[in-house]
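Student: Before I ask anything, let me first share the structure, which is written out below as structure tokens.
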Amino acid sequence: SQKIEQNSEALNIQEGKTATLTCNYTNYSPAYLQWYRQDPGRGPVFLLLIRENEKEKRKERLKVTFDTTLKQSLFHITASQPADSATYLCALPNAGNNRKLIWGLGTSLAVNP
Amino acid sequence: KAGVTQTPRYLIKTRGQQVTLSCSPISGHRSVSWYQQTPGQGLQFLFEYFSETQRNKGNFPGRFSGRQFSNSRSEMNVSTLELGDSALYLCASSSRPDSYEQYFGPGTRLTVT
């Protein structure tokens with residue numbers, strides 16, 4: 001069955017550094033992958049979508065890569081700020097129905113001033 | 001534009017009771033999806049509605065049901081509550097079924113005792 005793995009351990013970095021979060025998936029080839037941000041007590045907020053034919057996508061300080069050979073996506077936040085502290089979730093479409101998303105458990109990021 | 005709203009925000013019920021949760025999508029959005037979020041399982045897709053019709057359904061028992069009204073507002077119902085139903089229930093709306101960008105509400109925190 002499909003599986004998504006994200007770093008389970010919290011990531012602590014210093015303000016100004018680049019944060020890199022990993023999303024690995026198994027057993028299928030998704031047409032796209034999404035990244036979301038979730039703050040405590042709130043719903044996820046959509047950040048970026050990258051399609052299988054795109055190697056990299058950028059949005060302001062965010063960069064996402066999608067390696068379909070390694071079955072991995074990397075999510076980078078450059079020049080990180082304390083306000084970037086949150087849990088970051090990756091989501092992929094279900095193999096049988098790409099309108100149903102399956103989600104990783106998320107990685108908690110803490111950016112220290 | 002107002003965001004996705006969910007009511008109530010918090011709910012405490014006892015085993016065996018039933019509960020109805022409500023979601024109002026962003027104005028103009030006609031597609032509504034529901035998710036259950038727990039620490040151990042992460043976000044799991046419940047169902048998706050568009051134009052009052054259920055388009056997709058996740059792997060949840062029949063105790064979980066939903067509906068959508070002509071104004072796109074949606075409700076989900078859980079009957080015969082179990083302790084394991086304690087979770088954050090999230091609603092997300094999108095402008096159309098083929099749009100992959102979803103906008104989440106703040107969720108309803110359901111506690112079953």
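Going by the structure tokens order, chains are called A, B, ..., each with residues numbered from 1, while ligands are numbered from 1 in the order shown.
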For chain A, work out the contacting residues on chain B at 9 Å, counting only C-alpha atoms, and write them as a list in words.

Tutor: Pro39, Gly40, Gln41, Gly42, Leu43, Gln44, Phe45, Phe47, Glu48, Asn56, Lys57, Gly58, Leu88, Leu90, Cys91, Ala92, Pro97, Asp98, Tyr100, Glu101, Gln102, Tyr103, Phe104, Gly105, Pro106, Gly107 and Arg109 of chain B

Student: Those residues with C-alpha atoms, as a compact mmCIF listing (two decimals), in the first residue's frame please?

Tutor:
```
# COMPACT_ATOMS: atom_id res chain seq x y z
CA PRO B 39 -1.60 12.35 16.11
CA GLY B 40 -1.03 8.73 15.20
CA GLN B 41 -2.69 8.60 11.79
CA GLY B 42 -2.33 12.16 10.57
CA LEU B 43 -4.90 13.49 8.15
CA GLN B 44 -7.22 10.91 6.67
CA PHE B 45 -9.68 11.65 3.91
CA PHE B 47 -15.32 12.33 1.82
CA GLU B 48 -15.70 14.99 -0.84
CA ASN B 56 -15.28 10.47 -3.29
CA LYS B 57 -15.24 8.55 -0.06
CA GLY B 58 -12.42 7.41 2.19
CA LEU B 88 -9.68 17.17 14.86
CA LEU B 90 -11.14 19.46 9.19
CA CYS B 91 -13.13 20.76 6.29
CA ALA B 92 -11.51 22.07 3.13
CA PRO B 97 -13.37 19.51 -8.35
CA ASP B 98 -10.33 19.64 -10.61
CA TYR B 100 -5.89 20.74 -6.32
CA GLU B 101 -5.52 23.75 -4.05
CA GLN B 102 -7.61 23.33 -0.95
CA TYR B 103 -8.40 25.87 1.72
CA PHE B 104 -8.88 24.45 5.19
CA GLY B 105 -11.02 25.64 8.04
CA PRO B 106 -9.77 25.74 11.64
CA GLY B 107 -11.35 22.38 12.42
CA ARG B 109 -11.94 19.35 18.01
```

Student: If you count only C-alpha atoms, which residues fall within 9 Å of stretch 63-70 of chain A, apart from same-chain ones fewer than 2 positions away, as a list of chain:residue names?

Tutor: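 Within the cut-off, the hits are A:Asn24, A:Tyr25, A:Ser29, A:Pro30, A:Tyr32, A:Leu33, A:Trp35, A:Leu48, A:Leu49, A:Ile50, A:Arg51, A:Glu52, A:Asn53, A:Glu54, A:Lys55, A:Glu56, A:Lys57, A:Arg58, A:Lys59, A:Glu60, A:Arg61, A:Gln72, A:Ser73, A:Leu74, A:Phe75, A:His76, A:Ile77, A:Thr78.
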
Student: Can you spit out the residues from that selection as a PDB file, in the first residue's frame, using N, CA and C atoms?

Tutor:
```pdb
ATOM      1  N   ASN A  24       9.316  11.239   1.825  1.00  0.00           N
ATOM      2  CA  ASN A  24       9.583  10.040   1.017  1.00  0.00           C
ATOM      3  C   ASN A  24       8.296   9.254   0.842  1.00  0.00           C
ATOM      4  N   TYR A  25       8.127   8.680  -0.316  1.00  0.00           N
ATOM      5  CA  TYR A  25       6.917   7.891  -0.561  1.00  0.00           C
ATOM      6  C   TYR A  25       7.309   6.574  -1.210  1.00  0.00           C
ATOM      7  N   SER A  29       3.733   6.066  -8.158  1.00  0.00           N
ATOM      8  CA  SER A  29       4.277   7.283  -8.765  1.00  0.00           C
ATOM      9  C   SER A  29       3.179   8.324  -8.858  1.00  0.00           C
ATOM     10  N   PRO A  30       3.148   9.254  -7.920  1.00  0.00           N
ATOM     11  CA  PRO A  30       2.079  10.262  -7.913  1.00  0.00           C
ATOM     12  C   PRO A  30       2.230  11.267  -9.034  1.00  0.00           C
ATOM     13  N   TYR A  32       1.436  14.345  -8.716  1.00  0.00           N
ATOM     14  CA  TYR A  32       1.843  15.615  -8.113  1.00  0.00           C
ATOM     15  C   TYR A  32       2.040  15.409  -6.621  1.00  0.00           C
ATOM     16  N   LEU A  33       2.573  16.401  -5.994  1.00  0.00           N
ATOM     17  CA  LEU A  33       2.815  16.359  -4.544  1.00  0.00           C
ATOM     18  C   LEU A  33       2.581  17.773  -4.015  1.00  0.00           C
ATOM     19  N   TRP A  35       2.719  20.527  -0.560  1.00  0.00           N
ATOM     20  CA  TRP A  35       3.220  20.858   0.775  1.00  0.00           C
ATOM     21  C   TRP A  35       2.284  21.856   1.433  1.00  0.00           C
ATOM     22  N   LEU A  48       2.605  24.854  -1.727  1.00  0.00           N
ATOM     23  CA  LEU A  48       3.101  24.616  -3.083  1.00  0.00           C
ATOM     24  C   LEU A  48       2.612  23.272  -3.599  1.00  0.00           C
ATOM     25  N   LEU A  49       2.424  23.198  -4.898  1.00  0.00           N
ATOM     26  CA  LEU A  49       2.150  21.943  -5.579  1.00  0.00           C
ATOM     27  C   LEU A  49       3.221  21.771  -6.648  1.00  0.00           C
ATOM     28  N   ILE A  50       3.780  20.583  -6.741  1.00  0.00           N
ATOM     29  CA  ILE A  50       4.763  20.293  -7.788  1.00  0.00           C
ATOM     30  C   ILE A  50       4.313  19.047  -8.536  1.00  0.00           C
ATOM     31  N   ARG A  51       4.381  19.101  -9.836  1.00  0.00           N
ATOM     32  CA  ARG A  51       3.923  17.988 -10.664  1.00  0.00           C
ATOM     33  C   ARG A  51       5.085  17.063 -11.004  1.00  0.00           C
ATOM     34  N   GLU A  52       4.749  15.860 -11.424  1.00  0.00           N
ATOM     35  CA  GLU A  52       5.776  14.840 -11.653  1.00  0.00           C
ATOM     36  C   GLU A  52       6.765  15.230 -12.737  1.00  0.00           C
ATOM     37  N   ASN A  53       6.365  16.096 -13.649  1.00  0.00           N
ATOM     38  CA  ASN A  53       7.279  16.506 -14.720  1.00  0.00           C
ATOM     39  C   ASN A  53       8.068  17.775 -14.355  1.00  0.00           C
ATOM     40  N   GLU A  54       7.927  18.239 -13.135  1.00  0.00           N
ATOM     41  CA  GLU A  54       8.666  19.410 -12.658  1.00  0.00           C
ATOM     42  C   GLU A  54       9.715  18.940 -11.669  1.00  0.00           C
ATOM     43  N   LYS A  55      10.933  19.378 -11.875  1.00  0.00           N
ATOM     44  CA  LYS A  55      11.995  18.973 -10.947  1.00  0.00           C
ATOM     45  C   LYS A  55      12.029  19.880  -9.718  1.00  0.00           C
ATOM     46  N   GLU A  56      11.656  21.132  -9.931  1.00  0.00           N
ATOM     47  CA  GLU A  56      11.814  22.125  -8.870  1.00  0.00           C
ATOM     48  C   GLU A  56      10.743  23.206  -9.031  1.00  0.00           C
ATOM     49  N   LYS A  57      10.322  23.737  -7.892  1.00  0.00           N
ATOM     50  CA  LYS A  57       9.375  24.846  -7.925  1.00  0.00           C
ATOM     51  C   LYS A  57       9.736  25.809  -6.805  1.00  0.00           C
ATOM     52  N   ARG A  58       9.579  27.100  -7.062  1.00  0.00           N
ATOM     53  CA  ARG A  58       9.927  28.098  -6.055  1.00  0.00           C
ATOM     54  C   ARG A  58       8.769  29.051  -5.836  1.00  0.00           C
ATOM     55  N   LYS A  59       8.703  29.536  -4.593  1.00  0.00           N
ATOM     56  CA  LYS A  59       7.728  30.568  -4.243  1.00  0.00           C
ATOM     57  C   LYS A  59       8.347  31.370  -3.111  1.00  0.00           C
ATOM     58  N   GLU A  60       8.772  32.567  -3.438  1.00  0.00           N
ATOM     59  CA  GLU A  60       9.425  33.448  -2.455  1.00  0.00           C
ATOM     60  C   GLU A  60      10.593  32.700  -1.807  1.00  0.00           C
ATOM     61  N   ARG A  61      10.587  32.490  -0.493  1.00  0.00           N
ATOM     62  CA  ARG A  61      11.711  31.816   0.160  1.00  0.00           C
ATOM     63  C   ARG A  61      11.573  30.293   0.166  1.00  0.00           C
ATOM     64  N   GLN A  72      11.144  10.986  -3.706  1.00  0.00           N
ATOM     65  CA  GLN A  72      11.391  11.897  -2.603  1.00  0.00           C
ATOM     66  C   GLN A  72      11.135  13.339  -3.032  1.00  0.00           C
ATOM     67  N   SER A  73      10.601  14.115  -2.088  1.00  0.00           N
ATOM     68  CA  SER A  73      10.492  15.545  -2.275  1.00  0.00           C
ATOM     69  C   SER A  73      11.222  16.224  -1.128  1.00  0.00           C
ATOM     70  N   LEU A  74      11.952  17.277  -1.458  1.00  0.00           N
ATOM     71  CA  LEU A  74      12.608  18.090  -0.443  1.00  0.00           C
ATOM     72  C   LEU A  74      11.956  19.460  -0.442  1.00  0.00           C
ATOM     73  N   PHE A  75      11.744  19.976   0.758  1.00  0.00           N
ATOM     74  CA  PHE A  75      11.114  21.278   0.952  1.00  0.00           C
ATOM     75  C   PHE A  75      12.116  22.154   1.675  1.00  0.00           C
ATOM     76  N   HIS A  76      12.498  23.264   1.052  1.00  0.00           N
ATOM     77  CA  HIS A  76      13.502  24.151   1.621  1.00  0.00           C
ATOM     78  C   HIS A  76      12.871  25.498   1.960  1.00  0.00           C
ATOM     79  N   ILE A  77      13.237  26.014   3.123  1.00  0.00           N
ATOM     80  CA  ILE A  77      12.901  27.396   3.479  1.00  0.00           C
ATOM     81  C   ILE A  77      14.232  28.109   3.654  1.00  0.00           C
ATOM     82  N   THR A  78      14.500  29.065   2.791  1.00  0.00           N
ATOM     83  CA  THR A  78      15.758  29.809   2.917  1.00  0.00           C
ATOM     84  C   THR A  78      15.554  31.028   3.807  1.00  0.00           C
TER      85      THR A  78
END
```

Student: Just want the 9 Å neighbourhood of stretch 61-64 of chain B, counted on only C-alpha atoms, with same-chain residues fewer than 5 positions away dropped. Output as a PyMOL selection string.

Tutor: chain B and resi 46+76-81

Student: Next, write the just-selected residues to a file, as a PDB file, in the first residue's frame, keeping N, CA, C and O atoms as the atom set.

Tutor:
```
ATOM      1  N   LEU B  46     -12.014  11.709   4.509  1.00  0.00           N
ATOM      2  CA  LEU B  46     -13.324  11.135   4.813  1.00  0.00           C
ATOM      3  C   LEU B  46     -14.210  11.093   3.575  1.00  0.00           C
ATOM      4  O   LEU B  46     -14.646  10.036   3.150  1.00  0.00           O
ATOM      5  N   MET B  76     -21.146  16.992   8.407  1.00  0.00           N
ATOM      6  CA  MET B  76     -20.817  15.582   8.556  1.00  0.00           C
ATOM      7  C   MET B  76     -21.387  15.087   9.880  1.00  0.00           C
ATOM      8  O   MET B  76     -21.507  15.847  10.844  1.00  0.00           O
ATOM      9  N   ASN B  77     -21.769  13.855   9.881  1.00  0.00           N
ATOM     10  CA  ASN B  77     -22.404  13.241  11.037  1.00  0.00           C
ATOM     11  C   ASN B  77     -21.643  11.989  11.416  1.00  0.00           C
ATOM     12  O   ASN B  77     -21.224  11.216  10.547  1.00  0.00           O
ATOM     13  N   VAL B  78     -21.444  11.818  12.714  1.00  0.00           N
ATOM     14  CA  VAL B  78     -20.866  10.563  13.201  1.00  0.00           C
ATOM     15  C   VAL B  78     -21.855   9.987  14.203  1.00  0.00           C
ATOM     16  O   VAL B  78     -22.217  10.654  15.183  1.00  0.00           O
ATOM     17  N   SER B  79     -22.307   8.803  13.945  1.00  0.00           N
ATOM     18  CA  SER B  79     -23.268   8.175  14.853  1.00  0.00           C
ATOM     19  C   SER B  79     -22.541   7.169  15.741  1.00  0.00           C
ATOM     20  O   SER B  79     -21.419   6.737  15.435  1.00  0.00           O
ATOM     21  N   THR B  80     -23.179   6.809  16.831  1.00  0.00           N
ATOM     22  CA  THR B  80     -22.647   5.816  17.762  1.00  0.00           C
ATOM     23  C   THR B  80     -21.150   6.057  18.015  1.00  0.00           C
ATOM     24  O   THR B  80     -20.284   5.245  17.700  1.00  0.00           O
ATOM     25  N   LEU B  81     -20.870   7.200  18.590  1.00  0.00           N
ATOM     26  CA  LEU B  81     -19.477   7.610  18.785  1.00  0.00           C
ATOM     27  C   LEU B  81     -18.681   6.596  19.596  1.00  0.00           C
ATOM     28  O   LEU B  81     -19.183   5.986  20.552  1.00  0.00           O
TER      29      LEU B  81
END
```

Student: List the neighbours of B:Ala2 out to 10 Å using only C-alpha atoms; skip same-chain residues closer than 3 positions along the sequence, and give me the result as a list in words.

Tutor: Thr5, Ser24, Pro25, Ile26 and Ser27 of chain B

Student: Generate a file of the selected residues that holds C-alpha atoms, formatted as a PDB file, in the first residue's frame.

Tutor:
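Result file part-v8.pdb:
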```
ATOM      1  CA  THR B   5     -15.672  28.349   8.792  1.00  0.00           C
ATOM      2  CA  SER B  24     -19.223  26.756   5.356  1.00  0.00           C
ATOM      3  CA  PRO B  25     -16.837  26.948   2.397  1.00  0.00           C
ATOM      4  CA  ILE B  26     -15.297  30.059   0.943  1.00  0.00           C
ATOM      5  CA  SER B  27     -17.894  32.008  -1.014  1.00  0.00           C
TER       6      SER B  27
END
```

Student: Could you please determine the separation between atom CA of A:Ser80 and atom CA of B:Gln37 in Å, to one decimal place?

Tutor: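 Separating atom CA of A:Ser80 from atom CA of B:Gln37 is a distance of 27.2 Å.
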
Student: Pick out each residue of chain B that DSSP on the backbone tags as strand (DSSP E or B); I need them as a PyMOL selection string.

Tutor: chain B and resi 5-7+10-13+19-24+31-38+42-50+53-57+64-68+74-78+87-94+103-104+108-112

Student: In Å to one decimal, how far is atom CA of B:Thr53 from atom CA of A:Ser1?

Tutor: 28.0 Å

Student: Of the residues A:Ala31, A:Lys71, A:Arg37, A:Asn7, which is the one nearest to A:Tyr88, using only C-alpha atoms?

Tutor: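 With only C-alpha atoms as the atom set, the closest residue is A:Arg37.
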
Student: Identify which of the residues A:Cys90, A:Ala79, A:Leu11, A:Ala19 lies closest to A:Ala110, counting only C-alpha atoms when measuring atom-to-atom distances.

Tutor: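 Closest to A:Ala110, using only C-alpha atoms: A:Leu11.
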
Student: Would you compute the distance between atom CA of B:Ser33 and atom CA of A:Ser108? Give it in Å to one decimal.

Tutor: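 Distance between the two atoms: 24.6 Å.
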